[in-house]
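In what follows, a structure is listed as structure tokens, so that the remarks can point back to it.
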Amino acid sequence: MPTPTPRDLFARFQRNALSGQAALDEEMLSADVVVEQPFAPAEHRLTEGREKVLAMVRAGREAFPLTLEEFRDVVIHETADPEVIIVEYRLTATVPGRGTRASAACVVVLHARDGRIVHWREYQDQAAIAEALA
């Protein structure tokens with residue numbers, strides 16, 4: 001089986017997210033993975049280590065009251081480094097109980113080595129997400 005590429009890992013992230021499970025799973029992450037979310041609340045801006053990232057992702061999925069429906073307008077940019085891609089997309093979701101649909105723009109810088117994510121930097125439209133949840 002070939003080593004997963006950054007594109008493969010992003011595709012798995014999408015499948016996981018849309019299936020309702022934690023978007024990042026243990027097999028995708030290096031032991032020393034770093035996840036940065038510069039526009040997130042302070043306690044989630046930097047998470048280091050596989051176990052801490054998995055705990056954060058699971059807790060976030062359980063607390064996030066949206067049903068993720070689709071990734072739209074996905075554009076994957078290759079970089080000069082074959083281990084790094086930049087992905088732009090819109091994530092569309094429904095708010096359960098209200099049936100309201102909303103979408104938010106996101107950008108991810110994904111760095112993978114030896115088939116595992118070593119660094120994930122994610123920028124989300126926090127205002128759009130807050131509006132959907134209001």
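Scheme for the structure tokens: letters A, B, ... for chains in order shown; per-chain residue numbers from 1; ligand numbers from 1 in order shown.
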
Each range 24-87 of chain A residue no farther than 8 Å from range 105-119 of chain A, nearest pair in Å, only C-alpha atoms, as JSON lines:
{"residue": "A:Glu27", "atom": "CA", "partner": "A:Arg116", "partner_atom": "CA", "distance": 7.3}
{"residue": "A:Met28", "atom": "CA", "partner": "A:Arg116", "partner_atom": "CA", "distance": 5.0}
{"residue": "A:Leu29", "atom": "CA", "partner": "A:Ile117", "partner_atom": "CA", "distance": 4.8}
{"residue": "A:Ser30", "atom": "CA", "partner": "A:Arg116", "partner_atom": "CA", "distance": 5.3}
{"residue": "A:Asp32", "atom": "CA", "partner": "A:Val118", "partner_atom": "CA", "distance": 6.7}
{"residue": "A:Val33", "atom": "CA", "partner": "A:Val118", "partner_atom": "CA", "distance": 4.3}
{"residue": "A:Val34", "atom": "CA", "partner": "A:His119", "partner_atom": "CA", "distance": 4.8}
{"residue": "A:Val35", "atom": "CA", "partner": "A:His119", "partner_atom": "CA", "distance": 5.9}
{"residue": "A:Glu36", "atom": "CA", "partner": "A:His119", "partner_atom": "CA", "distance": 7.8}
{"residue": "A:Glu83", "atom": "CA", "partner": "A:Ala112", "partner_atom": "CA", "distance": 5.2}
{"residue": "A:Val84", "atom": "CA", "partner": "A:His111", "partner_atom": "CA", "distance": 4.4}
{"residue": "A:Ile85", "atom": "CA", "partner": "A:Leu110", "partner_atom": "CA", "distance": 5.4}
{"residue": "A:Ile86", "atom": "CA", "partner": "A:Val109", "partner_atom": "CA", "distance": 4.5}
{"residue": "A:Val87", "atom": "CA", "partner": "A:Val108", "partner_atom": "CA", "distance": 5.1}

The selected residues should be written to file as a PDB file, in the first residue's frame (atoms: C-alpha atoms).
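That gives us selection19.pdb:
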ATOM      1  CA  GLU A  27      -3.594   6.824  11.853  1.00  0.00           C
ATOM      2  CA  MET A  28      -3.421  10.217  10.133  1.00  0.00           C
ATOM      3  CA  LEU A  29      -1.306  11.932  12.785  1.00  0.00           C
ATOM      4  CA  SER A  30       2.368  11.787  13.676  1.00  0.00           C
ATOM      5  CA  ASP A  32       4.440  14.924  17.559  1.00  0.00           C
ATOM      6  CA  VAL A  33       1.756  16.554  15.379  1.00  0.00           C
ATOM      7  CA  VAL A  34       1.067  20.261  15.883  1.00  0.00           C
ATOM      8  CA  VAL A  35      -2.345  21.781  15.167  1.00  0.00           C
ATOM      9  CA  GLU A  36      -2.613  25.556  14.958  1.00  0.00           C
ATOM     10  CA  GLU A  83       5.014  17.486   1.745  1.00  0.00           C
ATOM     11  CA  VAL A  84       2.862  20.649   1.971  1.00  0.00           C
ATOM     12  CA  ILE A  85      -0.467  21.589   0.405  1.00  0.00           C
ATOM     13  CA  ILE A  86      -2.758  24.545   0.971  1.00  0.00           C
ATOM     14  CA  VAL A  87      -6.479  23.813   0.739  1.00  0.00           C
TER      15      VAL A  87
END

Using the chain letters and numbers from this document, which residues of chain A does DSSP assign to helix (DSSP H, G or I), as number ranges by chain? A: 6-18, 26-28, 42-44, 50-63, 126-133

With C-alpha atoms retained, write the just-selected residues as a PDB file, in the first residue's frame.
ATOM      1  CA  PRO A   6      -1.005  15.206   1.729  1.00  0.00           C
ATOM      2  CA  ARG A   7      -3.921  15.061  -0.755  1.00  0.00           C
ATOM      3  CA  ASP A   8      -4.841  11.562   0.465  1.00  0.00           C
ATOM      4  CA  LEU A   9      -4.811  12.760   4.062  1.00  0.00           C
ATOM      5  CA  PHE A  10      -7.047  15.728   3.251  1.00  0.00           C
ATOM      6  CA  ALA A  11      -9.486  13.416   1.427  1.00  0.00           C
ATOM      7  CA  ARG A  12      -9.603  11.189   4.520  1.00  0.00           C
ATOM      8  CA  PHE A  13     -10.214  14.271   6.694  1.00  0.00           C
ATOM      9  CA  GLN A  14     -13.198  15.114   4.455  1.00  0.00           C
ATOM     10  CA  ARG A  15     -14.629  11.580   4.604  1.00  0.00           C
ATOM     11  CA  ASN A  16     -14.245  11.448   8.376  1.00  0.00           C
ATOM     12  CA  ALA A  17     -15.856  14.864   8.888  1.00  0.00           C
ATOM     13  CA  LEU A  18     -18.832  14.079   6.662  1.00  0.00           C
ATOM     14  CA  GLU A  26      -4.972   8.408  15.024  1.00  0.00           C
ATOM     15  CA  GLU A  27      -3.594   6.824  11.853  1.00  0.00           C
ATOM     16  CA  MET A  28      -3.421  10.217  10.133  1.00  0.00           C
ATOM     17  CA  ALA A  42      -7.066  30.987  23.007  1.00  0.00           C
ATOM     18  CA  GLU A  43      -7.262  27.469  24.489  1.00  0.00           C
ATOM     19  CA  HIS A  44      -7.456  25.917  20.989  1.00  0.00           C
ATOM     20  CA  ARG A  50      -1.277  13.141  18.894  1.00  0.00           C
ATOM     21  CA  GLU A  51      -3.197  12.336  22.081  1.00  0.00           C
ATOM     22  CA  LYS A  52      -3.951  15.995  22.838  1.00  0.00           C
ATOM     23  CA  VAL A  53      -5.011  16.640  19.235  1.00  0.00           C
ATOM     24  CA  LEU A  54      -7.287  13.589  19.225  1.00  0.00           C
ATOM     25  CA  ALA A  55      -8.866  14.633  22.528  1.00  0.00           C
ATOM     26  CA  MET A  56      -9.424  18.174  21.218  1.00  0.00           C
ATOM     27  CA  VAL A  57     -10.923  16.947  17.932  1.00  0.00           C
ATOM     28  CA  ARG A  58     -13.252  14.462  19.666  1.00  0.00           C
ATOM     29  CA  ALA A  59     -14.426  17.030  22.205  1.00  0.00           C
ATOM     30  CA  GLY A  60     -14.944  19.612  19.479  1.00  0.00           C
ATOM     31  CA  ARG A  61     -16.982  17.203  17.360  1.00  0.00           C
ATOM     32  CA  GLU A  62     -19.185  16.231  20.313  1.00  0.00           C
ATOM     33  CA  ALA A  63     -19.774  19.866  21.265  1.00  0.00           C
ATOM     34  CA  GLN A 126     -15.299  32.342  12.842  1.00  0.00           C
ATOM     35  CA  ALA A 127     -17.927  35.054  12.238  1.00  0.00           C
ATOM     36  CA  ALA A 128     -19.884  32.781   9.850  1.00  0.00           C
ATOM     37  CA  ILE A 129     -19.721  29.920  12.332  1.00  0.00           C
ATOM     38  CA  ALA A 130     -20.885  32.129  15.219  1.00  0.00           C
ATOM     39  CA  GLU A 131     -23.753  33.451  13.097  1.00  0.00           C
ATOM     40  CA  ALA A 132     -24.872  29.914  12.215  1.00  0.00           C
ATOM     41  CA  LEU A 133     -24.887  28.935  15.877  1.00  0.00           C
TER      42      LEU A 133
END

In Å and to one decimal, CA of Asp73 in chain A is distant from CA of Thr92 in chain A by 10.5 Å

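Nearest residue to Glu48 in chain A among A:Arg121, A:Thr79, A:Gly99, A:Leu66 is A:Arg121, counting only C-alpha atoms.
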
Would you list, as a VMD selection string, the residues of range 6-126 of chain A that end up in strand (DSSP E) under DSSP run on this structure's backbone?
chain A and resid 29 to 36 46 to 48 67 to 78 84 to 95 100 to 113 116 to 124
